[in-house]
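Below is structure_17.cif, which holds mmCIF, C-alpha atoms.
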```cif
data_model
loop_
_atom_site.label_atom_id
_atom_site.label_comp_id
_atom_site.auth_asym_id
_atom_site.auth_seq_id
_atom_site.Cartn_x
_atom_site.Cartn_y
_atom_site.Cartn_z
CA MET Z 9 -1.11 22.29 -12.25
CA VAL Z 10 0.04 23.27 -8.75
CA ASN Z 11 -1.88 25.65 -6.50
CA PHE Z 12 -0.86 27.08 -3.12
CA ASN Z 13 -3.36 28.36 -0.57
CA SER Z 14 -3.14 30.46 2.56
CA ALA Z 15 -3.00 27.38 4.80
CA LYS Z 16 0.31 26.35 3.18
CA GLN Z 17 -1.39 23.41 1.54
CA ILE Z 18 -0.38 22.39 -1.98
CA LYS Z 19 -3.01 21.20 -4.39
CA PHE Z 20 -1.80 19.20 -7.38
CA SER Z 21 -4.16 18.47 -10.23
CA ALA Z 22 -3.52 15.92 -12.96
CA ASN Z 23 -3.29 18.67 -15.55
CA PHE Z 24 0.41 19.34 -16.05
CA ASP Z 25 3.26 17.85 -18.05
CA LYS Z 26 3.42 14.09 -17.63
CA GLU Z 27 6.01 11.45 -18.37
CA ILE Z 28 4.92 8.18 -19.96
CA ALA Z 29 6.84 5.02 -19.10
CA SER Z 30 7.91 2.96 -22.10
CA ASP Z 31 8.97 -0.17 -20.19
CA VAL Z 32 5.60 -1.74 -19.35
CA THR Z 33 4.96 -5.46 -18.91
CA GLU Z 34 1.76 -7.43 -18.39
CA LEU Z 35 1.95 -10.48 -16.11
CA PRO Z 36 -1.03 -12.66 -17.04
CA SER Z 37 -3.39 -14.51 -14.74
CA ILE Z 38 -3.12 -18.30 -14.66
CA TYR Z 39 -6.57 -18.22 -16.27
CA SER Z 40 -5.51 -16.11 -19.25
CA GLY Z 41 -6.75 -17.80 -22.41
CA VAL Z 42 -9.41 -19.83 -20.58
CA SER Z 43 -12.56 -18.79 -22.42
CA ARG Z 44 -15.03 -19.81 -19.72
CA TRP Z 45 -13.32 -17.96 -16.88
CA LYS Z 46 -14.72 -14.58 -15.93
CA PRO Z 47 -12.80 -12.22 -13.65
CA GLY Z 48 -14.29 -11.32 -10.30
CA ARG Z 49 -13.76 -8.74 -7.62
CA GLU Z 50 -11.44 -11.10 -5.76
CA SER Z 51 -8.62 -10.37 -8.24
CA LYS Z 52 -7.51 -7.15 -6.63
CA CYS Z 53 -4.38 -7.36 -4.46
CA CYS Z 54 -0.61 -7.71 -4.87
CA ALA Z 55 2.54 -7.32 -2.76
CA PHE Z 56 6.34 -7.12 -2.93
CA SER Z 57 8.41 -8.84 -0.26
CA SER Z 58 10.30 -6.47 2.03
CA ASP Z 59 13.64 -7.38 0.39
CA GLY Z 60 12.19 -7.00 -3.11
CA SER Z 61 13.07 -10.56 -4.15
CA LYS Z 62 9.48 -11.82 -4.50
CA PHE Z 63 6.21 -10.56 -5.88
CA ALA Z 64 2.76 -12.06 -5.29
CA TRP Z 65 -0.69 -11.37 -6.68
CA CYS Z 66 -4.09 -13.04 -6.60
CA ASN Z 67 -5.25 -14.57 -9.86
CA GLY Z 68 -8.87 -15.18 -8.94
CA HIS Z 69 -10.80 -18.10 -7.48
CA GLY Z 70 -8.54 -18.35 -4.43
CA PHE Z 71 -5.21 -18.77 -6.25
CA VAL Z 72 -2.13 -16.65 -5.50
CA LYS Z 73 0.95 -16.70 -7.73
CA VAL Z 74 4.39 -15.85 -6.33
CA VAL Z 75 7.34 -15.10 -8.61
CA LYS Z 76 10.96 -14.22 -8.05
CA CYS Z 77 11.71 -10.72 -9.26
CA ASN Z 78 14.72 -8.52 -9.78
CA SER Z 79 13.91 -4.98 -10.82
CA GLY Z 80 17.54 -4.53 -11.90
CA GLU Z 81 16.81 -6.85 -14.82
CA ASP Z 82 14.32 -6.55 -17.64
CA ILE Z 83 10.77 -7.59 -16.79
CA THR Z 84 9.41 -10.16 -19.17
CA THR Z 85 6.08 -11.83 -19.65
CA GLU Z 86 6.33 -15.37 -18.31
CA GLU Z 87 4.67 -18.47 -19.71
CA ILE Z 88 3.68 -21.28 -17.35
CA THR Z 89 4.72 -24.72 -18.58
CA SER Z 90 3.34 -26.79 -15.69
CA ARG Z 91 0.82 -26.31 -12.90
CA GLY Z 92 0.11 -27.67 -9.44
CA ASP Z 93 -1.55 -26.49 -6.27
CA SER Z 94 1.00 -25.24 -3.71
CA ALA Z 95 3.79 -26.64 -5.89
CA ASN Z 96 6.79 -25.42 -7.83
CA LEU Z 97 6.03 -24.14 -11.31
CA LYS Z 98 8.64 -23.83 -14.04
CA VAL Z 99 8.46 -20.62 -16.00
CA GLN Z 100 10.21 -19.78 -19.25
CA SER Z 101 11.57 -16.24 -19.43
CA LYS Z 102 13.19 -14.90 -22.55
CA LYS Z 103 15.66 -12.73 -20.66
CA ARG Z 104 16.35 -14.64 -17.45
CA GLY Z 105 16.05 -18.36 -18.17
CA CYS Z 106 14.14 -20.79 -15.94
CA GLN Z 107 12.53 -19.31 -12.81
CA ILE Z 108 10.68 -20.89 -9.89
CA VAL Z 109 7.10 -19.87 -9.28
CA ARG Z 110 4.82 -20.85 -6.41
CA LEU Z 111 1.08 -21.26 -6.87
CA LEU Z 112 -0.90 -21.17 -3.61
CA ASP Z 113 -4.45 -22.51 -3.40
CA CYS Z 114 -6.19 -20.62 -0.59
CA GLY Z 115 -9.57 -22.28 -1.04
CA LYS Z 116 -11.55 -19.02 -0.84
CA ASN Z 117 -11.54 -15.71 -2.66
CA VAL Z 118 -8.49 -13.60 -1.81
CA VAL Z 119 -9.14 -10.03 -0.63
CA SER Z 120 -5.82 -8.82 0.81
CA MET Z 121 -2.17 -9.85 1.20
CA GLU Z 122 1.04 -8.64 2.76
CA PHE Z 123 4.59 -10.00 3.08
CA ALA Z 124 6.11 -10.00 6.57
CA PRO Z 125 9.14 -7.78 7.24
CA LYS Z 126 12.41 -9.12 8.61
CA LEU Z 127 11.50 -10.48 12.06
CA PRO Z 128 14.56 -11.43 14.19
CA LEU Z 129 12.49 -13.83 16.32
CA PHE Z 130 11.88 -16.05 13.31
CA GLN Z 131 15.37 -16.10 11.82
CA SER Z 132 16.32 -19.40 13.50
CA LYS Z 133 13.14 -21.07 12.24
CA VAL Z 134 12.29 -19.48 8.90
CA ASN Z 135 13.21 -16.52 6.75
CA SER Z 136 10.43 -14.16 7.80
CA THR Z 137 10.60 -12.22 4.51
CA SER Z 138 9.23 -15.39 2.89
CA LEU Z 139 6.06 -15.30 5.02
CA LEU Z 140 3.02 -14.15 3.06
CA ALA Z 141 -0.21 -13.36 4.92
CA ILE Z 142 -3.38 -13.66 2.84
CA GLY Z 143 -6.78 -12.33 3.95
CA LEU Z 144 -9.79 -14.26 2.66
CA GLU Z 145 -13.37 -13.45 1.87
CA ARG Z 146 -15.08 -15.16 4.79
CA GLY Z 147 -12.89 -13.91 7.60
CA SER Z 148 -9.88 -16.24 7.81
CA ILE Z 149 -6.19 -15.45 7.32
CA LYS Z 150 -3.64 -17.91 5.95
CA ILE Z 151 0.11 -17.35 6.40
CA TRP Z 152 2.34 -19.24 3.97
CA ASN Z 153 6.06 -19.87 3.70
CA VAL Z 154 6.39 -19.19 -0.02
CA ASP Z 155 9.87 -20.77 -0.15
CA THR Z 156 8.49 -24.18 0.76
CA GLY Z 157 4.79 -23.81 -0.08
CA ASP Z 158 3.84 -24.78 3.50
CA MET Z 159 1.00 -23.12 5.36
CA VAL Z 160 2.42 -21.82 8.65
CA TYR Z 161 -0.73 -20.49 10.34
CA THR Z 162 -4.47 -20.38 9.79
CA LEU Z 163 -6.03 -17.55 11.82
CA ALA Z 164 -9.78 -17.31 12.22
CA ASP Z 165 -11.69 -14.77 14.30
CA HIS Z 166 -13.14 -12.24 11.84
CA THR Z 167 -16.69 -12.88 10.68
CA GLN Z 168 -16.45 -11.14 7.30
CA SER Z 169 -13.86 -10.43 4.60
CA VAL Z 170 -10.35 -9.51 5.77
CA THR Z 171 -9.69 -6.32 3.80
CA GLY Z 172 -6.24 -5.31 5.05
CA LEU Z 173 -3.10 -6.66 6.76
CA THR Z 174 -0.11 -4.88 8.26
CA PHE Z 175 2.98 -5.97 10.22
CA ALA Z 176 4.98 -4.28 12.97
CA THR Z 177 8.49 -3.60 11.70
CA LYS Z 178 10.01 -3.31 15.19
CA GLY Z 179 9.55 -4.93 18.57
CA GLU Z 180 7.24 -7.90 18.97
CA PRO Z 181 6.26 -9.85 15.82
CA LEU Z 182 2.70 -8.53 15.58
CA MET Z 183 0.29 -8.52 12.65
CA ILE Z 184 -2.93 -6.48 12.57
CA SER Z 185 -5.89 -7.23 10.32
CA CYS Z 186 -9.02 -5.27 9.46
CA SER Z 187 -12.35 -6.51 8.20
CA GLU Z 188 -15.78 -5.66 6.92
CA ASP Z 189 -17.05 -6.77 10.35
CA PHE Z 190 -16.10 -3.26 11.67
CA THR Z 191 -13.14 -4.56 13.75
CA MET Z 192 -9.35 -4.83 13.70
CA LYS Z 193 -7.48 -7.65 15.41
CA VAL Z 194 -3.92 -7.94 16.72
CA TRP Z 195 -2.19 -11.31 16.20
CA ASP Z 196 1.02 -12.30 18.02
CA LEU Z 197 3.12 -14.43 15.66
CA GLY Z 198 5.57 -15.04 18.49
CA GLU Z 199 2.79 -16.97 20.25
CA ASP Z 200 1.81 -19.10 17.26
CA GLY Z 201 -0.60 -16.49 15.93
CA ASN Z 202 -2.57 -15.97 19.15
CA MET Z 203 -5.20 -13.21 18.83
CA SER Z 204 -4.40 -10.77 21.64
CA LEU Z 205 -6.69 -7.77 20.99
CA THR Z 206 -9.82 -6.68 19.14
CA ILE Z 207 -9.91 -2.98 18.23
CA LYS Z 208 -13.36 -1.44 17.95
CA GLY Z 209 -14.38 2.08 16.98
CA HIS Z 210 -15.41 2.00 13.33
CA ASN Z 211 -19.16 2.10 12.71
CA SER Z 212 -18.94 0.65 9.20
CA PRO Z 213 -16.76 -1.76 7.18
CA ILE Z 214 -13.02 -1.06 7.31
CA HIS Z 215 -11.23 -0.91 3.96
CA TYR Z 216 -7.53 -0.71 4.89
CA LEU Z 217 -5.02 -0.11 7.67
CA ALA Z 218 -1.30 0.58 8.07
CA LEU Z 219 1.15 0.61 10.99
CA SER Z 220 3.70 3.41 11.05
CA PRO Z 221 7.08 2.07 9.82
CA ASN Z 222 8.89 4.23 12.36
CA ASP Z 223 6.64 3.66 15.39
CA PRO Z 224 4.70 0.36 15.37
CA SER Z 225 2.47 1.63 18.19
CA ILE Z 226 0.79 4.08 15.78
CA LEU Z 227 -1.94 2.66 13.53
CA ALA Z 228 -4.01 4.33 10.80
CA SER Z 229 -7.26 2.85 9.48
CA VAL Z 230 -9.81 3.92 6.86
CA GLY Z 231 -13.19 2.68 5.76
CA MET Z 232 -16.70 3.58 4.74
CA GLY Z 233 -17.23 7.18 5.75
CA LYS Z 234 -15.10 10.27 5.26
CA ALA Z 235 -12.83 10.06 8.31
CA VAL Z 236 -9.33 8.67 8.80
CA TYR Z 237 -8.75 7.03 12.20
CA LEU Z 238 -5.48 7.27 14.11
CA TRP Z 239 -4.85 4.82 16.97
CA LYS Z 240 -2.24 4.31 19.69
CA LEU Z 241 -1.32 0.75 20.74
CA PRO Z 242 0.89 1.08 23.84
CA HIS Z 243 0.80 -2.69 24.24
CA LYS Z 244 -0.48 -5.62 22.23
CA ARG Z 245 -3.46 -5.85 24.60
CA THR Z 246 -4.42 -2.17 24.90
CA TYR Z 247 -5.39 0.64 22.51
CA LYS Z 248 -6.84 4.12 22.40
CA LYS Z 249 -8.15 6.35 19.63
CA LEU Z 250 -5.87 9.35 19.07
CA ARG Z 251 -7.85 11.42 16.62
CA LEU Z 252 -9.95 11.56 13.46
CA LEU Z 253 -8.61 13.25 10.34
CA ARG Z 254 -11.37 14.95 8.38
CA GLY Z 255 -11.11 16.41 4.90
CA HIS Z 256 -12.34 13.80 2.43
CA ASN Z 257 -15.80 14.04 0.87
CA ASN Z 258 -16.42 10.36 0.15
CA ASP Z 259 -15.39 6.91 1.41
CA VAL Z 260 -11.68 6.52 2.21
CA VAL Z 261 -10.31 3.24 0.83
CA SER Z 262 -6.52 3.14 1.21
CA CYS Z 263 -3.68 4.60 3.30
CA SER Z 264 0.12 4.55 3.30
CA TRP Z 265 2.81 6.00 5.59
CA SER Z 266 5.95 7.77 4.46
CA PRO Z 267 9.09 5.80 5.43
CA ASP Z 268 9.93 8.18 8.28
CA GLY Z 269 6.40 7.98 9.71
CA ALA Z 270 5.97 11.75 9.39
CA LEU Z 271 3.27 11.74 6.69
CA LEU Z 272 0.17 9.69 5.98
CA ALA Z 273 -1.38 9.48 2.49
CA THR Z 274 -5.06 8.52 2.17
CA ALA Z 275 -6.99 7.72 -1.03
CA SER Z 276 -10.69 8.38 -1.39
CA HIS Z 277 -13.58 7.98 -3.78
CA ASP Z 278 -13.75 11.80 -3.80
CA THR Z 279 -11.09 11.77 -6.61
CA THR Z 280 -8.26 12.92 -4.31
CA VAL Z 281 -5.35 11.68 -2.25
CA ILE Z 282 -4.59 13.76 0.84
CA VAL Z 283 -1.13 13.73 2.40
CA TRP Z 284 -1.48 14.57 6.11
CA GLU Z 285 0.73 15.58 8.96
CA PRO Z 286 -1.31 13.08 11.00
CA PHE Z 287 -0.53 14.22 14.54
CA SER Z 288 -1.53 17.86 13.94
CA GLY Z 289 -4.26 17.03 11.42
CA ASP Z 290 -2.83 19.43 8.81
CA GLN Z 291 -3.19 18.65 5.12
CA ILE Z 292 0.21 19.00 3.43
CA LEU Z 293 -0.73 17.94 -0.12
CA VAL Z 294 -3.92 17.27 -2.04
CA LEU Z 295 -3.44 15.19 -5.21
CA GLY Z 296 -6.43 15.67 -7.50
CA HIS Z 297 -7.31 13.15 -10.22
CA LEU Z 298 -9.76 15.41 -12.06
CA PHE Z 299 -9.11 18.88 -13.51
CA PRO Z 300 -10.43 21.21 -12.39
CA MET Z 301 -11.00 19.76 -8.95
CA PRO Z 302 -14.76 19.17 -8.65
CA SER Z 303 -17.09 20.44 -5.94
CA PRO Z 304 -17.69 18.40 -2.74
CA ILE Z 305 -21.27 17.73 -3.83
CA TYR Z 306 -20.14 16.18 -7.12
CA VAL Z 307 -17.42 13.98 -5.63
CA GLY Z 308 -19.73 12.65 -2.92
CA GLY Z 309 -21.23 10.13 -5.34
CA SER Z 310 -20.26 8.29 -8.50
CA ASN Z 311 -17.84 10.58 -10.33
CA GLY Z 312 -15.83 8.32 -12.67
CA ALA Z 313 -12.55 8.95 -10.85
CA TRP Z 314 -12.65 7.02 -7.60
CA VAL Z 315 -9.09 6.60 -6.35
CA LYS Z 316 -8.64 2.92 -5.45
CA SER Z 317 -5.18 2.74 -3.87
CA VAL Z 318 -2.19 4.82 -2.74
CA CYS Z 319 1.38 3.78 -1.91
CA PHE Z 320 4.50 5.65 -0.72
CA SER Z 321 7.88 4.56 -2.05
CA LYS Z 322 10.45 3.34 0.49
CA ASP Z 323 12.60 6.45 -0.04
CA GLY Z 324 9.62 8.79 0.36
CA THR Z 325 10.08 10.59 -2.96
CA LYS Z 326 7.18 8.98 -4.86
CA ILE Z 327 3.48 8.42 -4.30
CA ALA Z 328 1.72 5.94 -6.60
CA THR Z 329 -2.05 6.02 -7.11
CA VAL Z 330 -4.46 3.96 -9.19
CA CYS Z 331 -7.80 5.43 -10.24
CA GLU Z 332 -11.12 4.34 -11.68
CA ASP Z 333 -10.17 6.12 -14.93
CA ASN Z 334 -7.80 3.18 -15.72
CA ARG Z 335 -4.63 5.15 -15.08
CA ILE Z 336 -1.66 4.58 -12.81
CA ARG Z 337 0.04 7.77 -11.66
CA VAL Z 338 3.35 8.21 -9.89
CA TRP Z 339 3.58 11.64 -8.26
CA LYS Z 340 6.97 13.13 -7.36
CA PRO Z 341 6.09 16.19 -5.27
CA TRP Z 342 9.36 16.42 -3.32
CA LEU Z 343 11.61 16.86 -6.34
CA GLN Z 344 12.74 20.35 -7.24
CA ASP Z 345 10.94 20.05 -10.57
CA THR Z 346 7.62 18.49 -9.64
CA SER Z 347 6.65 15.79 -12.12
CA MET Z 348 4.28 12.88 -12.61
CA LEU Z 349 4.53 9.56 -14.42
CA GLU Z 350 1.20 8.47 -15.92
CA ASN Z 351 0.27 5.34 -17.86
CA THR Z 352 -3.02 3.90 -19.03
CA ILE Z 353 -3.74 0.33 -17.94
CA PRO Z 354 -5.87 -2.06 -20.04
CA LYS Z 355 -8.18 -3.19 -17.21
CA GLU Z 356 -9.52 -1.59 -14.06
CA GLY Z 357 -6.82 -1.45 -11.38
CA TYR Z 358 -7.45 -2.16 -7.71
CA GLN Z 359 -4.14 -1.90 -5.86
CA CYS Z 360 -0.74 -0.36 -6.58
CA ARG Z 361 2.58 -1.24 -4.97
CA ILE Z 362 6.12 0.15 -5.38
CA SER Z 363 9.13 -2.17 -5.16
CA PRO Z 364 11.52 -1.51 -2.25
CA ASP Z 365 14.13 0.01 -4.57
CA GLY Z 366 11.50 2.30 -6.16
CA CYS Z 367 12.13 1.11 -9.72
CA ILE Z 368 8.97 -0.93 -10.32
CA ILE Z 369 5.34 0.10 -9.90
CA ALA Z 370 2.91 -2.82 -9.96
CA VAL Z 371 -0.88 -2.66 -10.35
CA GLY Z 372 -3.15 -5.60 -9.57
CA LYS Z 373 -6.13 -5.56 -11.90
CA GLN Z 374 -9.68 -6.85 -11.98
CA ASP Z 375 -8.96 -9.68 -14.45
CA GLY Z 376 -6.25 -11.25 -12.26
CA SER Z 377 -3.33 -9.87 -14.27
CA VAL Z 378 -0.69 -7.34 -13.21
CA THR Z 379 0.72 -4.32 -15.03
CA MET Z 380 4.35 -3.61 -14.12
CA ILE Z 381 5.89 -0.25 -14.99
CA LYS Z 382 9.60 0.41 -14.76
CA ASP Z 383 10.44 3.97 -13.78
CA SER Z 384 13.67 4.67 -15.63
CA SER Z 385 13.91 8.21 -14.23
CA THR Z 386 14.91 7.08 -10.74
CA GLU Z 387 17.43 9.59 -9.37
CA VAL Z 388 19.87 9.59 -6.47
CA ASN Z 389 18.18 11.25 -3.52
CA SER Z 390 19.50 14.64 -2.50
CA LEU Z 391 21.45 15.02 0.74
CA LEU Z 392 18.75 17.41 1.96
CA HIS Z 393 16.05 14.78 1.52
CA LEU Z 394 18.12 12.06 3.22
CA CYS Z 395 18.79 14.39 6.17
CA ARG Z 396 15.07 15.14 6.47
CA LEU Z 397 14.25 11.42 6.54
CA ALA Z 398 16.86 10.82 9.24
CA VAL Z 399 15.68 13.74 11.38
CA ARG Z 400 11.98 12.91 11.11
CA LYS Z 401 12.57 9.28 12.09
CA SER Z 402 13.83 10.60 15.45
CA PHE Z 403 11.88 13.84 15.96
CA SER Z 404 8.13 14.37 15.78
CA LEU Z 405 6.78 17.71 14.60
CA SER Z 406 5.93 18.73 18.17
CA LEU Z 407 9.54 18.07 19.27
CA LEU Z 408 10.93 19.98 16.29
CA GLN Z 409 8.83 22.99 17.21
CA THR Z 410 10.60 23.17 20.60
CA ILE Z 411 13.96 23.66 18.85
CA ALA Z 412 15.06 27.13 17.73
CA LEU Z 413 15.53 26.47 14.02
CA PRO Z 414 15.49 29.02 11.19
CA PRO Z 415 11.97 29.12 9.64
CA PRO Z 416 13.05 27.81 6.19
CA ILE Z 417 14.69 24.76 7.78
CA MET Z 418 11.71 24.16 10.04
CA GLU Z 419 9.32 24.32 7.09
CA TYR Z 420 11.47 21.95 5.07
CA LEU Z 421 11.63 19.41 7.90
CA ALA Z 422 7.84 19.72 8.27
CA TYR Z 423 7.35 19.01 4.53
CA ARG Z 424 5.92 22.48 4.02
CA PRO Z 425 5.86 24.01 0.53
CA SER Z 426 8.29 26.93 1.02
CA ILE Z 427 11.34 24.78 0.11
CA ALA Z 428 11.11 22.06 -2.58
#
```
How would this structure read if it were set down as structure tokens?
Amino acid sequence: MVNFNSAKQIKFSANFDKEIASDVTELPSIYSGVSRWKPGRESKCCAFSSDGSKFAWCNGHGFVKVVKCNSGEDITTEEITSRGDSANLKVQSKKRGCQIVRLLDCGKNVVSMEFAPKLPLFQSKVNSTSLLAIGLERGSIKIWNVDTGDMVYTLADHTQSVTGLTFATKGEPLMISCSEDFTMKVWDLGEDGNMSLTIKGHNSPIHYLALSPNDPSILASVGMGKAVYLWKLPHKRTYKKLRLLRGHNNDVVSCSWSPDGALLATASHDTTVIVWEPFSGDQILVLGHLFPMPSPIYVGGSNGAWVKSVCFSKDGTKIATVCEDNRIRVWKPWLQDTSMLENTIPKEGYQCRISPDGCIIAVGKQDGSVTMIKDSSTEVNSLLHLCRLAVRKSFSLSLLQTIALPPPIMEYLAYRPSIA
């Protein structure tokens, strides 16, 4: 169901016609079939490489598995025929023959991970899209070259679990981490991983962070508490807090930018995902995971529908969410006919990711396995949508408002609901 209010905010609830994906594959943990192994909270993160050629997820007890993937081909369940720490693993696949898999032993429980984008500074030394940063439970970060299985850097300055990692996509090769120790840290990979800045301002553990893909000086972070923090990093050694976004009624646990940097989606334990125009503080969309949407008092505690993760697709047309109700949802609010893909997952999901081409939605689950859903309804983006992406990568909302544009065009460029 879709509701409009006087503030030009759209509220979507999970009570309208849904599509169900038929192409669903389970990638097992390396411990699948081991009767004495019990899953733990460490089995909760996954990531696609920026070129879509690799996929990694934590399997529990400090192990991360990396596989080659091609969403243009059928996804198949893979059976490991040999094992080894930080070594090549041969995998039999019914559809694609013999693949190479890397198993990384991180030594401690894995909490977060992120592949590096294409970094020109590294091209002469290593393919930067093969660099995988892994945040560990006791505050250290390990960066691996998954092509060779070599550990490139070990970074240690946090005092508690590293809960999120994000890379700058432009300019200097910077990585920023966040932690349960209430801080975020900026690491300069061009200086062998030197820690150049500690960002303080949160008064409780930080759950996640994300740099804007269009402007790497803009950082969003979320954590315990109901606020979303927006930061400005003019330089790798300076920062300032821009604003707080308020609207959630429970802890905020995940955030994701649209590809043009114009919108920020945040997931909360209050059963909703809010899509913000972050620089004005306006709420553009509210995606509700319960119908009808419950009262603020109810969602402030345990409600059975905590949203665990949110992710924008690279083309900006889809928003994936995973919820405590064991469902993965893919919302498509920008299409002319608003729709949603929804599938039940067999175990509790922790993090969702969308492949760079938008075809595959992956969910890392509590037992160390991954559910992969192939969205067969992927459409060619409209010219209108592509134009909006191009314009918003160059013009902020405040700049657009200085241009004399017809109101319908202005509202469309601002992602307002008057034009779909």
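Evaluated on this file, the PyMOL selection byres ((chain Z and resi 313-317) around 6) matches Ser262, Ala275, Ser276, His277, Thr279, Asn311, Gly312, Val318, Thr329, Val330, Cys331, Glu332, Asp333, Tyr358 and Gln359 of chain Z.
Shortest separation to Cys54 (chain Z) among Z:Asn389, Z:Ser30, Z:Ser377, Z:Ser229 occurs at residue Z:Ser377, atoms counted being only C-alpha atoms.
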Item to check | Answer as an MDAnalysis selection string, residues within 8 Å of (-1.8, -14.9, -16.7) using only C-alpha atoms | outcome: chainID Z and resid 35:40 67 87 376:377
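Residue membership of the PyMOL selection byres ((chain Z and resi 368) around 7) in the shown file amounts to Ser79, Ile362, Ser363, Gly366, Cys367, Ile369, Ala370, Met380, Ile381, Lys382 and Asp383 of chain Z.
Distances to Lys62 (chain Z) were evaluated for Z:Asn202, Z:Pro364, Z:Leu408, Z:Ser303 using all atoms listed in the file, and the minimum falls at Z:Pro364.
The nearest approach to Val75 (chain Z) among the residues Z:Ser212, Z:Ser138, Z:Ser120, Z:Thr410, with all atoms listed in the file taken into account, belongs to Z:Ser138.
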Checklist entry - Quick one, how far is CA of Asp158 (chain Z) from CA of Ala141 (chain Z)? => result 12.2 Å
Next on the checklist: Under the rule that only C-alpha atoms are counted, which of Z:Asp365, Z:Glu419, Z:Asp223, Z:Asp165 is the nearest residue to Met192 (chain Z)?
Outcome noted: Z:Asp165
Next on the checklist: Within 10 Å of (8.1, -6.0, -1.6) in the file's own coordinates, which protein, DNA or RNA residues have an atom, counting only C-alpha atoms? List them as a ChimeraX atom specification.
Outcome noted: /Z:54-64,77,122-125,137,322,361-365
Next on the checklist: For the provided coordinates, the residues matched by the PyMOL selection byres ((chain Z and resi 339) around 7) should be stated as a PyMOL selection string.
Outcome noted: chain Z and resi 326-328+337-338+340-341+347-349
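Between CA of Ala398 (chain Z) and CA of Asp268 (chain Z) lies a distance of 7.5 Å.
Interatomic distance, CA of Ser220 (chain Z) to CA of Ile282 (chain Z): 16.7 Å.
For Val119 (chain Z), the set of protein, DNA and RNA residues having any atom at most 10 Å away, when counting all atoms listed in the file and skipping those fewer than 6 positions along the same chain, is Arg49, Glu50, Ser51, Lys52, Cys53, Cys54, Cys66, Gly68, Gly70, Ile142, Gly143, Leu144, Glu145, Arg146, Gly147, Ser169, Val170, Thr171 and Gly172 of chain Z.
Compared by their closest atoms to Trp239 (chain Z), and using all atoms listed in the file, the residues Z:Ala218, Z:Ile417, Z:Leu293, Z:Val307 rank with Z:Ala218 nearest.
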Checklist entry - What's the 12 Å shell around Met418 (chain Z), counting all atoms listed in the file, without same-chain residues fewer than 2 positions away, as an NGL selection string? => result :Z and (396 or 399-400 or 403-416 or 420-427)
Next on the checklist: If we count only C-alpha atoms and set the cut-off at 10 Å, which residues sit around Thr206 (chain Z), ignoring sequence neighbours fewer than 2 positions away in its own chain? Please answer as a list of chain:residue names.
Outcome noted: Z:Asp165, Z:His166, Z:Ile184, Z:Ser185, Z:Cys186, Z:Thr191, Z:Met192, Z:Lys193, Z:Val194, Z:Trp195, Z:Met203, Z:Ser204, Z:Lys208, Z:Lys244, Z:Arg245, Z:Thr246, Z:Tyr247
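Proximity ranking of Z:Ser390, Z:Ser266, Z:Ser384, Z:Ser402 relative to Ala29 (chain Z) places Z:Ser384 first, based on only C-alpha atoms.
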Add whatever atoms are absent from region 294-301 of chain Z to reach N, CA, C and O atoms, and provide the output as a PDB file, in the coordinates of the input.
```pdb
ATOM      1  N   VAL Z 294      -2.705  17.869  -1.499  1.00  0.00           N
ATOM      2  CA  VAL Z 294      -3.920  17.270  -2.040  1.00  0.00           C
ATOM      3  C   VAL Z 294      -3.644  16.933  -3.495  1.00  0.00           C
ATOM      4  O   VAL Z 294      -3.334  17.823  -4.296  1.00  0.00           O
ATOM      5  N   LEU Z 295      -3.700  15.647  -3.842  1.00  0.00           N
ATOM      6  CA  LEU Z 295      -3.440  15.190  -5.210  1.00  0.00           C
ATOM      7  C   LEU Z 295      -4.780  14.924  -5.883  1.00  0.00           C
ATOM      8  O   LEU Z 295      -5.484  13.974  -5.542  1.00  0.00           O
ATOM      9  N   GLY Z 296      -5.142  15.780  -6.826  1.00  0.00           N
ATOM     10  CA  GLY Z 296      -6.430  15.670  -7.500  1.00  0.00           C
ATOM     11  C   GLY Z 296      -6.332  14.870  -8.784  1.00  0.00           C
ATOM     12  O   GLY Z 296      -5.399  15.056  -9.574  1.00  0.00           O
ATOM     13  N   HIS Z 297      -7.304  14.000  -9.035  1.00  0.00           N
ATOM     14  CA  HIS Z 297      -7.310  13.150 -10.220  1.00  0.00           C
ATOM     15  C   HIS Z 297      -8.291  13.629 -11.284  1.00  0.00           C
ATOM     16  O   HIS Z 297      -8.464  12.961 -12.306  1.00  0.00           O
ATOM     17  N   LEU Z 298      -8.936  14.753 -11.044  1.00  0.00           N
ATOM     18  CA  LEU Z 298      -9.760  15.410 -12.060  1.00  0.00           C
ATOM     19  C   LEU Z 298      -9.345  16.873 -12.142  1.00  0.00           C
ATOM     20  O   LEU Z 298      -8.953  17.482 -11.132  1.00  0.00           O
ATOM     21  N   PHE Z 299      -9.420  17.461 -13.336  1.00  0.00           N
ATOM     22  CA  PHE Z 299      -9.110  18.880 -13.510  1.00  0.00           C
ATOM     23  C   PHE Z 299     -10.255  19.556 -14.255  1.00  0.00           C
ATOM     24  O   PHE Z 299     -10.680  19.071 -15.299  1.00  0.00           O
ATOM     25  N   PRO Z 300     -10.768  20.667 -13.715  1.00  0.00           N
ATOM     26  CA  PRO Z 300     -10.430  21.210 -12.390  1.00  0.00           C
ATOM     27  C   PRO Z 300     -10.999  20.348 -11.279  1.00  0.00           C
ATOM     28  O   PRO Z 300     -11.857  19.503 -11.529  1.00  0.00           O
ATOM     29  N   MET Z 301     -10.511  20.551 -10.065  1.00  0.00           N
ATOM     30  CA  MET Z 301     -11.000  19.760  -8.950  1.00  0.00           C
ATOM     31  C   MET Z 301     -12.492  20.035  -8.752  1.00  0.00           C
ATOM     32  O   MET Z 301     -12.904  21.181  -8.630  1.00  0.00           O
TER      33      MET Z 301
END
```
